[in-house]
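Q: Dropping a structure here in structure tokens format, bear with me for questions.
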Amino acid sequence: MAKRTKPRGDNGSERWRPRGGYLRGWLADHVRVASDTTLFISQRMLSSLLVWLMVGVALTLPGLLWIAHSNLQTFSQQWQGNAGLTVYMKLNASDAAVADMGERLRQRANITRVEATTPEQALQQMLAQSGDSEFLRQAVVAVETNPLPASFAVVLDTGTSFLALEALRRQLLPESGVDDVVIETTWLERLRDLSDFASRVGAGLSIMLLLAAVMVAFASVRIAIESRLGELRVLALIGATPAQMRRPFLYFGSAYGIGGGFVAIVLIAVFLNQIEAPLLSLAVSYQVGVQIAGFTSPFLLVMLLLGWLLGVLGALLALSQRTPSA
Amino acid sequence: MSFLQLQHVSRRFDNGSQGLANVSVSIEQGSMVFLTGHSGAGKSTLLKMLIGAEQPTSGRVLVDGSDVSRLGSKQMPWFRRQVGVVLQDHNLLEDRSVFDNVALPLRITHLRAKDIERRVRGALSTVDLSNKGHLFPRHLSTGEQQRVGIARAVVNRPRIILADEPTGNLDPYLSRQVIALFHQFRDLGSTVLVASHDIDLIKDQGCRILHLSQGELVQDTANLEQAAD
């Protein structure tokens, strides 16, 4: 046996302290634990895959809801400027009544813009939109009079709610010369309200699912601790520090969390790929341009970080329940 | 100066039983001492106190002048790295090779890989298992497993070796081999304390014997020799 070194220190417990090389040792220990964790997981690949899948599924819905929410927000923000209504005058309304209505609309608060369309302009627009249809042209000639009324496209201030639009519609309907008032973006407002509702429900569901991910990591790490109690007793006897005994399980939690985050990314990518075509088709039917956004590099990073965080949280919970000791 | 000291140490367990009762003993550095007594006499409790796994109800346990029960959680691991522990049931890790089992105390001390290899080879050679490093514990006989446990206890060059019934599962021939190994480590400077109930094995080893009964130190051969002198 080689010459042994007597610990320094004059008395008491001072001699039982680490001396030097701490950072190198700390790094070496992390490398060793990372290697052991890889080995442990690879030896239990099936159960590890199941854990990743469970954490991944739990993370998928919050991820999808976040993408859906951010897309709906962008979509509604893009359309907010167009929220408004159209005032259709009666066919027999006089020019003076039409002009008077235009003036009164322009004087109202919360109205950004008022665009007047004469019956002639409306007819021209209709013919243009119909692609110069010969049938329509012949029908207009046969009627001999212009069947379209004068109208006002009213654009309200940004952020005007559906309730305010509805109130304005009710105020305008009894006005002299007004035939009908149509809120042009009712569907968008309803979508916005539905989106707000869905966001709140989604947030609640997401919190529950994220808690479920923590619980999955907790249970898996707890099992790992139980299966290695014998090893932990040996480690405690030979002088492993509490941090050294906890470290493998924090690595397990991290591995389960990051793996779950990766699974969630794959599931979200598959889901978005599947809904992209029908969503675009739906958007075209509403004459709206839609492009799914949000599945970006920062989003992927956040998913992995979130998975890691939840995994570590689960591991810390498990360690607090079953602290390895001598 | 005494290296290991128990000063009026008592240990009463939660169920009321007495583990140790007012035990006082001093052990010199570099000596080999046997601890004997029937099952439940307090041998394991005494050894556990020396590694800080058990706390005395009263009295002090001193190792090289340090009160073990006063070591904090940050100091305890470094203290235990100076102590090699051999247990009757070996406590080998079944999913690790013999080499990795013996290397465990070195890996937590962050030695370089080549130093670990050199020291593990040396420890395995000492216990005559040089050619079994690649095997797993289940491939070894009981005696070989015990020797792996001893190699793991001494690979870190501990100043103290504590062995709790290290020959409990071994036949007389293997038991003498194991005791011979402890003599070897004592000769190299370690202080060795071996707990065993096998009187026939230890009586002719020429070492000091402490006899415990129901938690009390009832006989110390060092005192008998002093009395004879």
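Note on naming: chains are A, B, ... as they come in the structure tokens, residues start from 1 per chain, ligands start from 1 in the order shown.
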Hey, what's within 10 Å of stretch 175-180 of chain B if we count only C-alpha atoms and toss same-chain stuff fewer than 3 positions away? As a list in words, please?

A: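 My reading of the contact set: Val127, Gly143, Gln146, Arg147, Ile150, Pro166, Thr167, Gly168, Asn169, Leu170, Asp171, Pro172, His183, Gln184, Phe185, Arg186, Val194, Asp198, Leu201, Ile202 and Gln205 of chain B.
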
Q: Using only C-alpha atoms, what table do you get, as JSON lines, when you list each residue of chain B with an atom no more than 7 Å from chain A, its nearest pair of atoms, and their distance in Å rounded to one decimal, rows by chain then rising number?

A:
{"residue": "B:Ala53", "atom": "CA", "partner": "A:Ala326", "partner_atom": "CA", "distance": 6.5}
{"residue": "B:Gly65", "atom": "CA", "partner": "A:Gly12", "partner_atom": "CA", "distance": 6.0}
{"residue": "B:Ser66", "atom": "CA", "partner": "A:Gly12", "partner_atom": "CA", "distance": 4.3}
{"residue": "B:Asp67", "atom": "CA", "partner": "A:Gly12", "partner_atom": "CA", "distance": 6.7}
{"residue": "B:Leu71", "atom": "CA", "partner": "A:Ser13", "partner_atom": "CA", "distance": 6.2}
{"residue": "B:Gln75", "atom": "CA", "partner": "A:Trp16", "partner_atom": "CA", "distance": 5.3}
{"residue": "B:Pro77", "atom": "CA", "partner": "A:Gly239", "partner_atom": "CA", "distance": 4.0}
{"residue": "B:Trp78", "atom": "CA", "partner": "A:Trp16", "partner_atom": "CA", "distance": 5.3}
{"residue": "B:Phe79", "atom": "CA", "partner": "A:Trp16", "partner_atom": "CA", "distance": 5.2}
{"residue": "B:Arg80", "atom": "CA", "partner": "A:Gly239", "partner_atom": "CA", "distance": 4.7}
{"residue": "B:Arg81", "atom": "CA", "partner": "A:Gly239", "partner_atom": "CA", "distance": 4.9}
{"residue": "B:Asn91", "atom": "CA", "partner": "A:Val234", "partner_atom": "CA", "distance": 6.8}
{"residue": "B:Leu93", "atom": "CA", "partner": "A:Glu231", "partner_atom": "CA", "distance": 6.4}
{"residue": "B:Pro105", "atom": "CA", "partner": "A:Ile238", "partner_atom": "CA", "distance": 5.8}
{"residue": "B:Ile108", "atom": "CA", "partner": "A:Ala240", "partner_atom": "CA", "distance": 6.1}
{"residue": "B:His110", "atom": "CA", "partner": "A:Gly25", "partner_atom": "CA", "distance": 4.9}
{"residue": "B:Arg157", "atom": "CA", "partner": "A:Arg4", "partner_atom": "CA", "distance": 6.9}
{"residue": "B:Leu188", "atom": "CA", "partner": "A:Met1", "partner_atom": "CA", "distance": 6.4}

Q: Do you know which residues are at most 7 Å from stretch 265-273 of chain A counting only C-alpha atoms, after dropping those on the same chain fewer than 4 positions away, and could you put them as a PDB file with C-alpha atoms, in the first residue's frame?

A:
ATOM      1  CA  THR A  60     -48.327  18.403 -26.333  1.00  0.00           C
ATOM      2  CA  LEU A  64     -50.665  23.180 -29.246  1.00  0.00           C
ATOM      3  CA  GLY A 261     -40.269  17.736 -24.545  1.00  0.00           C
ATOM      4  CA  LEU A 300     -38.843  24.321 -29.687  1.00  0.00           C
TER       5      LEU A 300
END

Q: Can you pull out the residues contacting stretch 104-106 of chain A? Cut-off 9 Å, using only C-alpha atoms, and skip same-chain residues under 6 positions away; I want them as a list in words.

A: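 Contacts, with the query itself left out: Thr112, Arg113, Val114, Phe152 and Val154 of chain A.
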
Q: Let me see the file: selected residues, C-alpha atoms, as a short mmCIF file (atom, residue, chain, number, x, y, z; two decimals), in the first residue's frame.

A:
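Result written to out.cif:
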data_model
loop_
_atom_site.label_atom_id
_atom_site.label_comp_id
_atom_site.auth_asym_id
_atom_site.auth_seq_id
_atom_site.Cartn_x
_atom_site.Cartn_y
_atom_site.Cartn_z
CA THR A 112 -62.51 55.82 -37.89
CA ARG A 113 -63.75 55.99 -41.42
CA VAL A 114 -66.96 56.25 -43.41
CA PHE A 152 -71.99 53.45 -46.10
CA VAL A 154 -68.40 52.25 -41.44
#

Q: If we count only C-alpha atoms, what is near A:Val140 at a cut-off of 12 Å, once residues fewer than 5 positions away on the same chain are taken out, given as a ChimeraX atom specification?

A: /A:120,123-124,126-127,133-135,145-148

Q: Quick one: pick out all strand (DSSP E or B) residues within stretch 106-298 of chain A from a backbone DSSP run and write them as an MDAnalysis selection string.

A: chainID A and resid 111:117 151:156 178:183

Q: Store the residues of this selection in a file with C-alpha atoms, as an mmCIF file, in the first residue's frame.

A:
data_model
loop_
_atom_site.group_PDB
_atom_site.id
_atom_site.type_symbol
_atom_site.label_atom_id
_atom_site.label_comp_id
_atom_site.auth_asym_id
_atom_site.auth_seq_id
_atom_site.Cartn_x
_atom_site.Cartn_y
_atom_site.Cartn_z
ATOM 1 C CA ILE A 111 -65.763 55.859 -35.966
ATOM 2 C CA THR A 112 -62.512 55.818 -37.886
ATOM 3 C CA ARG A 113 -63.752 55.988 -41.424
ATOM 4 C CA VAL A 114 -66.962 56.251 -43.414
ATOM 5 C CA GLU A 115 -66.952 55.262 -47.084
ATOM 6 C CA ALA A 116 -69.999 56.139 -49.094
ATOM 7 C CA THR A 117 -71.001 54.000 -52.063
ATOM 8 C CA SER A 151 -74.597 52.405 -48.637
ATOM 9 C CA PHE A 152 -71.990 53.450 -46.097
ATOM 10 C CA ALA A 153 -69.114 51.222 -45.023
ATOM 11 C CA VAL A 154 -68.399 52.254 -41.437
ATOM 12 C CA VAL A 155 -65.053 51.308 -39.920
ATOM 13 C CA LEU A 156 -64.856 51.606 -36.146
ATOM 14 C CA VAL A 178 -81.983 53.480 -43.325
ATOM 15 C CA ASP A 179 -83.126 50.129 -44.666
ATOM 16 C CA ASP A 180 -80.694 47.759 -42.896
ATOM 17 C CA VAL A 181 -77.487 47.735 -40.887
ATOM 18 C CA VAL A 182 -75.229 44.693 -41.210
ATOM 19 C CA ILE A 183 -72.310 43.983 -38.944
#

Q: Please extract the residues of stretch 216-248 of chain A with a backbone DSSP assignment of alpha helix (DSSP H) and present them as a list in words.

A: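 Those residues are Val216, Ala217, Phe218, Ala219, Ser220, Val221, Arg222, Ile223, Ala224, Ile225, Glu226, Ser227, Leu229, Gly230, Glu231, Leu232, Arg233, Val234, Leu235, Ala236, Leu237, Pro242, Ala243, Gln244, Met245, Arg246, Arg247 and Pro248 of chain A.
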
Q: For stretch 18-30 of chain B, find every residue with an atom within 10 Å (counting only C-alpha atoms), except residues of its own chain fewer than 4 positions away, and show them as a PyMOL selection string.

A: chain B and resi 1-14+40-46+56-64+159-160+185-193+208+210+212-218+220

Q: Counting only C-alpha atoms, which of B:Met32, B:Val98, B:Met49, B:Ile199 gets nearest to B:Leu181?

A: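 Nearest to B:Leu181: B:Met32.
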
Q: Identify, on the basis of only C-alpha atoms, every residue whose closest approach to A:Leu50 does not exceed 12 Å; exclude the query and any residue fewer than 4 positions from it along the same chain; express the result as a PyMOL selection string.

A: chain A and resi 41+44-46+54-57+216-217+220+256+259-260+263

Q: Can you write out the residues you just picked, keeping C-alpha atoms, as an mmCIF file, in the first residue's frame?

A:
data_model
loop_
_atom_site.group_PDB
_atom_site.id
_atom_site.type_symbol
_atom_site.label_atom_id
_atom_site.label_comp_id
_atom_site.auth_asym_id
_atom_site.auth_seq_id
_atom_site.Cartn_x
_atom_site.Cartn_y
_atom_site.Cartn_z
ATOM 1 C CA ILE A 41 -31.969 4.549 -19.329
ATOM 2 C CA ARG A 44 -34.608 0.193 -19.454
ATOM 3 C CA MET A 45 -35.480 1.513 -22.891
ATOM 4 C CA LEU A 46 -39.086 0.328 -23.002
ATOM 5 C CA MET A 54 -46.473 10.169 -21.110
ATOM 6 C CA VAL A 55 -44.544 13.380 -20.424
ATOM 7 C CA GLY A 56 -44.645 14.200 -24.144
ATOM 8 C CA VAL A 57 -48.413 13.764 -24.414
ATOM 9 C CA VAL A 216 -44.981 11.202 -14.148
ATOM 10 C CA ALA A 217 -41.391 12.379 -13.593
ATOM 11 C CA SER A 220 -40.425 7.481 -12.395
ATOM 12 C CA TYR A 256 -37.280 12.202 -18.714
ATOM 13 C CA GLY A 259 -37.134 13.431 -23.735
ATOM 14 C CA GLY A 260 -40.788 14.256 -23.071
ATOM 15 C CA VAL A 263 -41.715 13.763 -27.994
#
